[in-house]
Amino acid sequence: MRRKLAAGNWKMNGTGASLADLSELAQRYPDSAIDILICPPATLLHRAAEVTKTSGVAIGGQDCHAAQSGAHTGDVSAQMLMDAGASSVILGHSERRVDHGETDADVRAKAQTAMEAGLLSIICVGESLEQREAANTLDVVGGQMAGSIPDQSTGENLVVAYEPVWAIGTGKVPTLEQIAEVHDFMRTLLEKRFGESIGQSIRLLYGGSVKPGNAAEIFGVSNVDGALVGGASLKAADFSGIIDALADA
Ligand code: 13P
């Protein structure tokens with residue numbers, strides 16, 4: 001059985017004042033039957049980890065460098081994330097692929113380093129609107145998975161998030177059939193590459209305009225083990241609605 005995961009990606013949002021929402025979330029979930037993760041900006045990691053220390057909420061980073069340390073001004077290493085209290089890291093988000101030109105090879109190298117440091121890697125894949133309209137979705141997702149996911153992946157160190165670029169922050173969500181098609185395809189790819197046992201153990205998240213109002217139906221889709229949530233993870237009340245929908249699914 002795969003343990004369900006509700007993950008929040010705060011992106012470049014949040015200052016010390018946002019810790020009040022995190023504190024509310026931590027109080028609401030002192031422990032939890034599902035995994036709950038918040039990935040705040042790097043500046044808040046340490047304080048966020050303190051606020052959630054005795055709760056069912058874990059803390060993660062939004063990126064890390066492929067090198068363990070060195071002359072990389074402005075970057076953060078996997079070891080630093082661990083040291084700040086993170087247990088996971090989001091890698092290859094489409095915003096990083098676009099804003100920073102990250103390639104599949106870059107994402108794979110980062111994931112290798114993150115896994116070696118002991119972090120759970122949440123690797124993001126997903127097609128643009130143009131690619132979907134050209135009926136290239138499965139090719140794009142398959143290519144990103146082949147290129148970005150390291151060989152040493154297991155259900156313990158890898159989560160894959162399907163985030164169609166056109167659904168991020170737009171209020172547009174694929175149909176349940178479209179989500180099922182991609183998630184079933186991703187599961188098949190993982191089983192082919194890693195064998196049935198490991199392939200079945202790797203969790204698959206859906207991300208892109210998940211809200212309390214649409215979460216339950218998305219969590220009913222086959223091979224959806226949780227969500228990677230942007231905007232609706234910023235407020236404890238909204239994210240709780242999604243967490244509760246996942247726990248009930
Ligand atoms: P939204 O939930 O704001 O659409 O963002 C999704 C996302 O990019 C999470 O990583």
# chains A, B, ... in the order shown; residues from 1 in each chain; ligands from 1

call {"tool": "residues_near_ligand", "arguments": {"ligand": "ligand 1", "cutoff": "8 Å", "atoms": "only C-alpha atoms and all ligand atoms", "output": "MDAnalysis selection string"}}
result
chainID A and resid 8:11 93:95 124 163 165 167:171 207:211 228:233

call {"tool": "select_by_dssp", "arguments": {"residues": "stretch 97-172 of chain A", "states": "helix (DSSP H, G or I)", "output": "tab-separated table (two decimals) with N, CA and C atoms, in the first residue's frame"}}
result
chain	number	residue	atom	x	y	z
A	97	ARG	N	12.27	24.48	-14.64
A	97	ARG	CA	12.67	24.07	-15.99
A	97	ARG	C	12.61	25.27	-16.94
A	98	VAL	N	11.59	26.13	-16.76
A	98	VAL	CA	11.43	27.30	-17.63
A	98	VAL	C	12.33	28.46	-17.16
A	99	ASP	N	12.22	28.84	-15.89
A	99	ASP	CA	12.95	30.03	-15.41
A	99	ASP	C	14.46	29.83	-15.43
A	104	ASP	N	16.35	17.62	-18.20
A	104	ASP	CA	16.12	16.34	-17.53
A	104	ASP	C	17.41	15.85	-16.88
A	105	ALA	N	18.54	16.04	-17.56
A	105	ALA	CA	19.83	15.59	-17.00
A	105	ALA	C	20.16	16.36	-15.73
A	106	ASP	N	19.86	17.66	-15.72
A	106	ASP	CA	20.09	18.46	-14.50
A	106	ASP	C	19.24	17.91	-13.35
A	107	VAL	N	18.00	17.63	-13.66
A	107	VAL	CA	17.06	17.16	-12.61
A	107	VAL	C	17.53	15.81	-12.07
A	108	ARG	N	17.96	14.95	-12.98
A	108	ARG	CA	18.44	13.63	-12.55
A	108	ARG	C	19.66	13.76	-11.63
A	109	ALA	N	20.58	14.66	-12.01
A	109	ALA	CA	21.79	14.84	-11.20
A	109	ALA	C	21.43	15.38	-9.81
A	110	LYS	N	20.49	16.30	-9.77
A	110	LYS	CA	20.05	16.83	-8.47
A	110	LYS	C	19.40	15.74	-7.63
A	111	ALA	N	18.57	14.93	-8.29
A	111	ALA	CA	17.86	13.87	-7.56
A	111	ALA	C	18.85	12.85	-7.00
A	112	GLN	N	19.89	12.54	-7.78
A	112	GLN	CA	20.91	11.59	-7.29
A	112	GLN	C	21.54	12.13	-6.01
A	113	THR	N	21.91	13.40	-6.06
A	113	THR	CA	22.54	14.00	-4.88
A	113	THR	C	21.57	14.04	-3.70
A	114	ALA	N	20.33	14.40	-3.97
A	114	ALA	CA	19.32	14.48	-2.90
A	114	ALA	C	19.10	13.10	-2.28
A	115	MET	N	19.03	12.07	-3.11
A	115	MET	CA	18.81	10.72	-2.60
A	115	MET	C	20.00	10.26	-1.76
A	116	GLU	N	21.19	10.58	-2.24
A	116	GLU	CA	22.39	10.19	-1.48
A	116	GLU	C	22.44	10.90	-0.13
A	117	ALA	N	21.90	12.11	-0.07
A	117	ALA	CA	21.88	12.86	1.19
A	117	ALA	C	20.78	12.36	2.13
A	129	LEU	N	0.61	23.32	-22.84
A	129	LEU	CA	-0.66	23.29	-23.58
A	129	LEU	C	-0.41	22.93	-25.05
A	130	GLU	N	0.64	23.51	-25.60
A	130	GLU	CA	0.99	23.25	-27.01
A	130	GLU	C	1.25	21.75	-27.21
A	131	GLN	N	1.98	21.16	-26.27
A	131	GLN	CA	2.30	19.73	-26.39
A	131	GLN	C	1.04	18.88	-26.25
A	132	ARG	N	0.13	19.27	-25.34
A	132	ARG	CA	-1.12	18.50	-25.22
A	132	ARG	C	-1.94	18.63	-26.50
A	133	GLU	N	-2.03	19.84	-27.01
A	133	GLU	CA	-2.85	20.03	-28.21
A	133	GLU	C	-2.28	19.30	-29.42
A	137	THR	N	1.34	14.47	-25.15
A	137	THR	CA	1.44	14.43	-23.69
A	137	THR	C	2.22	13.21	-23.19
A	138	LEU	N	1.84	12.03	-23.63
A	138	LEU	CA	2.49	10.82	-23.10
A	138	LEU	C	3.96	10.75	-23.51
A	139	ASP	N	4.26	11.19	-24.72
A	139	ASP	CA	5.67	11.22	-25.16
A	139	ASP	C	6.49	12.16	-24.28
A	140	VAL	N	5.93	13.32	-23.99
A	140	VAL	CA	6.64	14.32	-23.19
A	140	VAL	C	6.86	13.79	-21.77
A	141	VAL	N	5.78	13.29	-21.17
A	141	VAL	CA	5.88	12.80	-19.79
A	141	VAL	C	6.82	11.59	-19.73
A	142	GLY	N	6.72	10.72	-20.68
A	142	GLY	CA	7.60	9.53	-20.72
A	142	GLY	C	9.05	9.93	-20.87
A	143	GLY	N	9.32	10.91	-21.73
A	143	GLY	CA	10.68	11.38	-21.94
A	143	GLY	C	11.25	12.04	-20.69
A	144	GLN	N	10.43	12.86	-20.04
A	144	GLN	CA	10.89	13.52	-18.81
A	144	GLN	C	11.17	12.50	-17.72
A	145	MET	N	10.31	11.47	-17.63
A	145	MET	CA	10.54	10.45	-16.60
A	145	MET	C	11.82	9.68	-16.89
A	146	ALA	N	12.00	9.29	-18.14
A	146	ALA	CA	13.21	8.52	-18.49
A	146	ALA	C	14.47	9.33	-18.20
A	147	GLY	N	14.40	10.64	-18.50
A	147	GLY	CA	15.59	11.47	-18.36
A	147	GLY	C	15.85	11.99	-16.95
A	148	SER	N	14.78	12.17	-16.17
A	148	SER	CA	14.93	12.86	-14.88
A	148	SER	C	15.06	11.92	-13.69
A	165	VAL	N	1.60	21.82	-17.29
A	165	VAL	CA	2.00	23.22	-17.14
A	165	VAL	C	0.80	24.16	-17.27
A	166	TRP	N	-0.11	23.80	-18.15
A	166	TRP	CA	-1.28	24.65	-18.42
A	166	TRP	C	-2.31	24.63	-17.28
A	167	ALA	N	-2.13	23.73	-16.34
A	167	ALA	CA	-3.08	23.64	-15.21
A	167	ALA	C	-2.54	24.34	-13.96

call {"tool": "residues_around", "arguments": {"residues": "A:Ala161", "least_positions_apart": "5", "cutoff": "10 Å", "atoms": "only C-alpha atoms", "output": "list of chain:residue names"}}
result
A:Ile90, A:Leu91, A:Gly92, A:His93, A:Ile122, A:Ile123, A:Cys124, A:Val125, A:Gly126, A:His183, A:Met186, A:Arg203, A:Leu204, A:Leu205, A:Tyr206, A:Gly207, A:Gly208, A:Val224, A:Asp225, A:Gly226, A:Ala227, A:Leu228

call {"tool": "select_by_dssp", "arguments": {"residues": "stretch 59-122 of chain A", "states": "strand (DSSP E or B)", "output": "PyMOL selection string"}}
result
chain A and resi 59-61+88-91+120-122

call {"tool": "residues_around", "arguments": {"residues": "A:Gly74", "least_positions_apart": "5", "cutoff": "12 Å", "atoms": "only C-alpha atoms", "output": "ChimeraX atom specification"}}
result
/A:42-43,63-65,69

call {"tool": "write_last_selection", "arguments": {"atoms": "N, CA, C and O atoms", "output": "CSV table (one decimal), in the first residue's frame"}}
result
chain,number,residue,atom,x,y,z
A,42,ALA,N,13.3,28.7,1.0
A,42,ALA,CA,14.5,28.3,1.7
A,42,ALA,C,14.7,29.1,3.0
A,42,ALA,O,15.2,28.6,4.0
A,43,THR,N,14.4,30.4,2.9
A,43,THR,CA,14.6,31.3,4.0
A,43,THR,C,13.8,30.9,5.3
A,43,THR,O,14.1,31.3,6.4
A,63,ASP,N,14.1,23.0,-4.2
A,63,ASP,CA,15.2,22.8,-5.2
A,63,ASP,C,16.5,22.5,-4.4
A,63,ASP,O,16.6,22.9,-3.3
A,64,CYS,N,17.4,21.8,-5.0
A,64,CYS,CA,18.8,21.8,-4.5
A,64,CYS,C,19.8,21.7,-5.6
A,64,CYS,O,19.4,21.4,-6.8
A,65,HIS,N,21.0,22.0,-5.3
A,65,HIS,CA,22.1,21.9,-6.3
A,65,HIS,C,22.5,20.4,-6.5
A,65,HIS,O,22.3,19.6,-5.6
A,69,SER,N,28.6,20.6,-2.3
A,69,SER,CA,29.0,21.9,-1.8
A,69,SER,C,29.9,22.5,-2.8
A,69,SER,O,30.2,21.9,-3.8

call {"tool": "atom_distance", "arguments": {"atom1": "atom CA of A:Ala48", "atom2": "atom CA of A:Ser23"}}
result
8.5 Å

call {"tool": "residues_around", "arguments": {"residues": "A:Leu176", "least_positions_apart": "6", "cutoff": "8 Å", "atoms": "only C-alpha atoms", "output": "PyMOL selection string"}}
result
chain A and resi 217-218+221

call {"tool": "closest_residue", "arguments": {"among": "A:Ile198, A:Ala245, A:Val182, A:Val159", "to": "A:Gly213", "atoms": "only C-alpha atoms"}}
result
A:Ala245

call {"tool": "closest_residue", "arguments": {"among": "A:Leu190, A:Met82, A:Ala216, A:Cys39", "to": "A:Asn13", "atoms": "only C-alpha atoms"}}
result
A:Cys39

call {"tool": "decode", "arguments": {"residues": "stretch 63-194 of chain A", "atoms": "C-alpha atoms", "output": "mmCIF file, in the first residue's frame"}}
result
data_model
loop_
_atom_site.group_PDB
_atom_site.id
_atom_site.type_symbol
_atom_site.label_atom_id
_atom_site.label_comp_id
_atom_site.auth_asym_id
_atom_site.auth_seq_id
_atom_site.Cartn_x
_atom_site.Cartn_y
_atom_site.Cartn_z
ATOM 1 C CA ASP A 63 15.181 22.767 -5.220
ATOM 2 C CA CYS A 64 18.769 21.804 -4.482
ATOM 3 C CA HIS A 65 22.088 21.884 -6.316
ATOM 4 C CA ALA A 66 23.535 18.763 -7.918
ATOM 5 C CA ALA A 67 26.886 19.291 -6.171
ATOM 6 C CA GLN A 68 27.347 18.514 -2.494
ATOM 7 C CA SER A 69 29.018 21.850 -1.755
ATOM 8 C CA GLY A 70 31.304 24.413 -3.366
ATOM 9 C CA ALA A 71 31.475 27.635 -5.337
ATOM 10 C CA HIS A 72 27.834 28.011 -6.378
ATOM 11 C CA THR A 73 26.727 31.420 -5.178
ATOM 12 C CA GLY A 74 23.073 31.590 -4.234
ATOM 13 C CA ASP A 75 22.452 27.862 -4.412
ATOM 14 C CA VAL A 76 21.395 25.470 -1.670
ATOM 15 C CA SER A 77 22.715 21.926 -1.253
ATOM 16 C CA ALA A 78 20.809 18.795 -0.300
ATOM 17 C CA GLN A 79 22.853 18.587 2.885
ATOM 18 C CA MET A 80 21.817 22.140 3.802
ATOM 19 C CA LEU A 81 18.163 21.256 3.340
ATOM 20 C CA MET A 82 18.582 18.254 5.630
ATOM 21 C CA ASP A 83 20.426 20.397 8.158
ATOM 22 C CA ALA A 84 17.581 22.956 8.133
ATOM 23 C CA GLY A 85 15.077 20.218 8.949
ATOM 24 C CA ALA A 86 13.780 19.188 5.510
ATOM 25 C CA SER A 87 13.033 15.560 4.697
ATOM 26 C CA SER A 88 12.084 16.079 1.027
ATOM 27 C CA VAL A 89 12.845 18.263 -1.948
ATOM 28 C CA ILE A 90 10.840 19.184 -5.038
ATOM 29 C CA LEU A 91 12.987 18.845 -8.175
ATOM 30 C CA GLY A 92 12.392 19.744 -11.818
ATOM 31 C CA HIS A 93 9.293 21.838 -11.217
ATOM 32 C CA SER A 94 8.176 23.319 -14.539
ATOM 33 C CA GLU A 95 8.870 26.803 -13.178
ATOM 34 C CA ARG A 96 12.508 25.815 -12.639
ATOM 35 C CA ARG A 97 12.675 24.068 -15.992
ATOM 36 C CA VAL A 98 11.433 27.304 -17.630
ATOM 37 C CA ASP A 99 12.951 30.028 -15.406
ATOM 38 C CA HIS A 100 16.354 28.355 -14.993
ATOM 39 C CA GLY A 101 16.577 26.196 -18.109
ATOM 40 C CA GLU A 102 16.818 22.984 -16.089
ATOM 41 C CA THR A 103 17.088 19.925 -18.314
ATOM 42 C CA ASP A 104 16.120 16.337 -17.532
ATOM 43 C CA ALA A 105 19.827 15.590 -17.004
ATOM 44 C CA ASP A 106 20.085 18.456 -14.498
ATOM 45 C CA VAL A 107 17.064 17.164 -12.610
ATOM 46 C CA ARG A 108 18.437 13.629 -12.550
ATOM 47 C CA ALA A 109 21.792 14.842 -11.197
ATOM 48 C CA LYS A 110 20.053 16.835 -8.470
ATOM 49 C CA ALA A 111 17.857 13.867 -7.557
ATOM 50 C CA GLN A 112 20.910 11.595 -7.290
ATOM 51 C CA THR A 113 22.539 14.001 -4.877
ATOM 52 C CA ALA A 114 19.318 14.477 -2.904
ATOM 53 C CA MET A 115 18.806 10.716 -2.597
ATOM 54 C CA GLU A 116 22.388 10.193 -1.479
ATOM 55 C CA ALA A 117 21.882 12.861 1.193
ATOM 56 C CA GLY A 118 18.771 11.034 2.438
ATOM 57 C CA LEU A 119 16.083 13.329 1.034
ATOM 58 C CA LEU A 120 12.899 12.146 -0.645
ATOM 59 C CA SER A 121 12.870 13.606 -4.178
ATOM 60 C CA ILE A 122 9.576 14.799 -5.647
ATOM 61 C CA ILE A 123 10.339 14.939 -9.358
ATOM 62 C CA CYS A 124 7.892 16.971 -11.461
ATOM 63 C CA VAL A 125 6.899 16.228 -15.039
ATOM 64 C CA GLY A 126 4.157 17.579 -17.277
ATOM 65 C CA GLU A 127 3.298 18.843 -20.728
ATOM 66 C CA SER A 128 2.665 22.376 -21.983
ATOM 67 C CA LEU A 129 -0.662 23.290 -23.582
ATOM 68 C CA GLU A 130 0.985 23.249 -27.006
ATOM 69 C CA GLN A 131 2.303 19.734 -26.387
ATOM 70 C CA ARG A 132 -1.123 18.504 -25.223
ATOM 71 C CA GLU A 133 -2.852 20.034 -28.215
ATOM 72 C CA ALA A 134 -0.346 18.297 -30.480
ATOM 73 C CA ALA A 135 -1.244 14.977 -28.750
ATOM 74 C CA ASN A 136 2.293 14.659 -27.386
ATOM 75 C CA THR A 137 1.442 14.429 -23.690
ATOM 76 C CA LEU A 138 2.489 10.820 -23.095
ATOM 77 C CA ASP A 139 5.666 11.216 -25.156
ATOM 78 C CA VAL A 140 6.645 14.318 -23.187
ATOM 79 C CA VAL A 141 5.881 12.797 -19.794
ATOM 80 C CA GLY A 142 7.596 9.530 -20.716
ATOM 81 C CA GLY A 143 10.684 11.384 -21.942
ATOM 82 C CA GLN A 144 10.890 13.522 -18.814
ATOM 83 C CA MET A 145 10.541 10.454 -16.597
ATOM 84 C CA ALA A 146 13.211 8.516 -18.487
ATOM 85 C CA GLY A 147 15.589 11.474 -18.356
ATOM 86 C CA SER A 148 14.932 12.859 -14.880
ATOM 87 C CA ILE A 149 14.504 9.807 -12.660
ATOM 88 C CA PRO A 150 17.736 8.233 -11.365
ATOM 89 C CA ASP A 151 18.406 4.495 -11.471
ATOM 90 C CA GLN A 152 18.629 4.171 -7.692
ATOM 91 C CA SER A 153 14.989 5.241 -7.244
ATOM 92 C CA THR A 154 12.652 3.341 -4.919
ATOM 93 C CA GLY A 155 9.337 4.005 -3.220
ATOM 94 C CA GLU A 156 11.341 5.296 -0.251
ATOM 95 C CA ASN A 157 13.317 7.992 -2.031
ATOM 96 C CA LEU A 158 11.134 9.003 -5.006
ATOM 97 C CA VAL A 159 7.727 10.544 -5.616
ATOM 98 C CA VAL A 160 6.716 11.642 -9.128
ATOM 99 C CA ALA A 161 4.337 14.578 -9.572
ATOM 100 C CA TYR A 162 2.356 14.998 -12.790
ATOM 101 C CA GLU A 163 1.822 18.722 -13.223
ATOM 102 C CA PRO A 164 0.454 19.781 -16.621
ATOM 103 C CA VAL A 165 2.004 23.222 -17.136
ATOM 104 C CA TRP A 166 -1.280 24.653 -18.416
ATOM 105 C CA ALA A 167 -3.077 23.644 -15.208
ATOM 106 C CA ILE A 168 -0.648 25.376 -12.832
ATOM 107 C CA GLY A 169 -2.126 28.501 -11.276
ATOM 108 C CA THR A 170 -4.775 28.791 -14.004
ATOM 109 C CA GLY A 171 -7.845 27.202 -12.417
ATOM 110 C CA LYS A 172 -7.888 24.786 -15.371
ATOM 111 C CA VAL A 173 -7.801 21.104 -14.478
ATOM 112 C CA PRO A 174 -7.551 18.147 -16.859
ATOM 113 C CA THR A 175 -10.567 15.852 -17.005
ATOM 114 C CA LEU A 176 -10.466 12.883 -14.655
ATOM 115 C CA GLU A 177 -9.988 10.676 -17.731
ATOM 116 C CA GLN A 178 -6.958 12.712 -18.783
ATOM 117 C CA ILE A 179 -5.436 12.448 -15.301
ATOM 118 C CA ALA A 180 -6.096 8.697 -15.219
ATOM 119 C CA GLU A 181 -4.540 8.203 -18.640
ATOM 120 C CA VAL A 182 -1.286 9.907 -17.626
ATOM 121 C CA HIS A 183 -1.077 8.361 -14.142
ATOM 122 C CA ASP A 184 -1.742 4.833 -15.446
ATOM 123 C CA PHE A 185 0.914 5.415 -18.103
ATOM 124 C CA MET A 186 3.396 6.638 -15.475
ATOM 125 C CA ARG A 187 2.739 3.568 -13.331
ATOM 126 C CA THR A 188 3.354 1.294 -16.316
ATOM 127 C CA LEU A 189 6.630 3.052 -17.094
ATOM 128 C CA LEU A 190 7.833 2.732 -13.495
ATOM 129 C CA GLU A 191 6.967 -0.980 -13.410
ATOM 130 C CA LYS A 192 8.774 -1.581 -16.705
ATOM 131 C CA ARG A 193 11.881 0.210 -15.550
ATOM 132 C CA PHE A 194 12.106 -0.800 -11.889
#
